[in-house]
Amino acid sequence: MKTLNYSRQREAIYNFLLGTKKHPTAEMIYQGLQADFPKMSIATVYRNLSLLEETGRIQKIPSNGIKEHYDANVDEHPHFVCKCCDRVFDLEMDNLDFLKTLANQRVDGEIERCQLVFYGKCKGCKENDNNS
């Protein structure tokens, strides 16, 4: 795993992610740090998110192909992505080992890690559809 030299901006980005469960996009992180780092560019945010992901400190959550979301919780846990509002939620599931067991029966190799993402409509978006 790659090691990195210390960077105040990278540490601020990481701490921003540690301090939220909202799974922000790079743009949300950029906006959230502008007061403390007015000279930081969006490119710096993207570059540091990439480095943090590469070193295993954060995970990128595939969304609807529009904007990626990020999570500082790197423990294996499933996510739900709303296809309407693009919000990301953690799904509380006690044990994913059964999925790994099932997948290992189908793969000629060894599964070391999984990322499970469900896509659909969140409660708010579903209720808006029903009220339309």
# chains A, B, ... in the order shown; residues from 1 in each chain; ligands from 1
>>> residues_around(residues="Gly19 in chain A", least_positions_apart="6", cutoff="12 Å", atoms="only C-alpha atoms", output="compact mmCIF listing (two decimals) with N, CA, C and O atoms, in the first residue's frame")
# COMPACT_ATOMS: atom_id res chain seq x y z
N ALA A 12 -7.33 17.64 6.04
CA ALA A 12 -8.62 18.32 6.19
C ALA A 12 -9.72 17.60 5.41
O ALA A 12 -10.84 17.46 5.89
N ILE A 13 -9.39 17.14 4.23
CA ILE A 13 -10.35 16.37 3.41
C ILE A 13 -10.74 15.09 4.13
O ILE A 13 -11.91 14.74 4.24
N ILE A 29 -17.28 18.45 -0.57
CA ILE A 29 -16.10 18.58 0.28
C ILE A 29 -15.40 19.90 0.00
O ILE A 29 -15.03 20.63 0.92
N GLY A 32 -17.31 22.67 1.51
CA GLY A 32 -17.23 22.60 2.97
C GLY A 32 -15.90 23.07 3.54
O GLY A 32 -15.83 23.46 4.70
N ASP A 71 -16.63 7.88 1.32
CA ASP A 71 -16.94 7.43 2.66
C ASP A 71 -15.63 7.12 3.39
O ASP A 71 -14.78 6.41 2.85
N ALA A 72 -15.47 7.65 4.61
CA ALA A 72 -14.28 7.37 5.40
C ALA A 72 -14.41 6.04 6.14
O ALA A 72 -13.42 5.51 6.65
N ASN A 73 -15.59 5.48 6.18
CA ASN A 73 -15.79 4.17 6.79
C ASN A 73 -15.42 3.11 5.75
O ASN A 73 -16.18 2.85 4.82
>>> closest_residue(among="A:His79, A:Ser41, A:His69, A:Cys114", to="Phe98 in chain A", atoms="only C-alpha atoms")
A:Cys114
>>> select_by_dssp(residues="chain A", states="alpha helix (DSSP H)", output="ChimeraX atom specification")
/A:8-18,26-33,42-54,97-104,123-131
>>> closest_residue(among="A:Lys83, A:Lys39, A:Arg10, A:Lys67", to="Leu52 in chain A", atoms="only C-alpha atoms")
A:Arg10
>>> atom_distance(atom1="CA of Glu27 in chain A", atom2="CA of Asn48 in chain A")
12.8 Å
>>> atom_distance(atom1="CA of Tyr6 in chain A", atom2="CA of Glu53 in chain A")
15.4 Å
>>> residues_around(residues="Leu51 in chain A", least_positions_apart="4", cutoff="10 Å", atoms="only C-alpha atoms", output="PDB file with N, CA and C atoms, in the first residue's frame")
ATOM      1  N   LYS A   2       0.502   2.209  -0.738  1.00  0.00           N
ATOM      2  CA  LYS A   2       1.256   3.444  -0.905  1.00  0.00           C
ATOM      3  C   LYS A   2       1.208   4.280   0.378  1.00  0.00           C
ATOM      4  N   THR A   3       2.339   4.884   0.758  1.00  0.00           N
ATOM      5  CA  THR A   3       2.363   5.816   1.878  1.00  0.00           C
ATOM      6  C   THR A   3       2.528   7.225   1.329  1.00  0.00           C
ATOM      7  N   LEU A   4       2.012   8.179   2.070  1.00  0.00           N
ATOM      8  CA  LEU A   4       1.993   9.555   1.592  1.00  0.00           C
ATOM      9  C   LEU A   4       2.690  10.480   2.577  1.00  0.00           C
ATOM     10  N   ARG A  10      -4.922  17.467   2.558  1.00  0.00           N
ATOM     11  CA  ARG A  10      -5.369  16.065   2.521  1.00  0.00           C
ATOM     12  C   ARG A  10      -5.960  15.667   3.866  1.00  0.00           C
ATOM     13  N   VAL A  45      -8.807  18.708  -4.417  1.00  0.00           N
ATOM     14  CA  VAL A  45      -9.729  17.820  -3.706  1.00  0.00           C
ATOM     15  C   VAL A  45      -9.789  16.471  -4.420  1.00  0.00           C
ATOM     16  N   TYR A  46      -9.987  16.485  -5.727  1.00  0.00           N
ATOM     17  CA  TYR A  46     -10.062  15.236  -6.491  1.00  0.00           C
ATOM     18  C   TYR A  46      -8.760  14.439  -6.383  1.00  0.00           C
ATOM     19  N   ARG A  47      -7.636  15.112  -6.510  1.00  0.00           N
ATOM     20  CA  ARG A  47      -6.337  14.427  -6.441  1.00  0.00           C
ATOM     21  C   ARG A  47      -6.141  13.769  -5.072  1.00  0.00           C
ATOM     22  N   THR A  55      -4.729   4.589  -0.943  1.00  0.00           N
ATOM     23  CA  THR A  55      -4.053   4.131   0.279  1.00  0.00           C
ATOM     24  C   THR A  55      -4.998   3.410   1.236  1.00  0.00           C
ATOM     25  N   GLY A  56      -6.268   3.290   0.857  1.00  0.00           N
ATOM     26  CA  GLY A  56      -7.218   2.530   1.663  1.00  0.00           C
ATOM     27  C   GLY A  56      -7.807   3.293   2.827  1.00  0.00           C
ATOM     28  N   ARG A  57      -7.632   4.601   2.874  1.00  0.00           N
ATOM     29  CA  ARG A  57      -8.171   5.379   3.988  1.00  0.00           C
ATOM     30  C   ARG A  57      -9.633   5.755   3.778  1.00  0.00           C
ATOM     31  N   ILE A  58     -10.079   5.780   2.529  1.00  0.00           N
ATOM     32  CA  ILE A  58     -11.482   6.072   2.211  1.00  0.00           C
ATOM     33  C   ILE A  58     -11.935   5.122   1.106  1.00  0.00           C
TER      34      ILE A  58
END
>>> atom_distance(atom1="CA of Met28 in chain A", atom2="CA of Ile61 in chain A")
14.6 Å
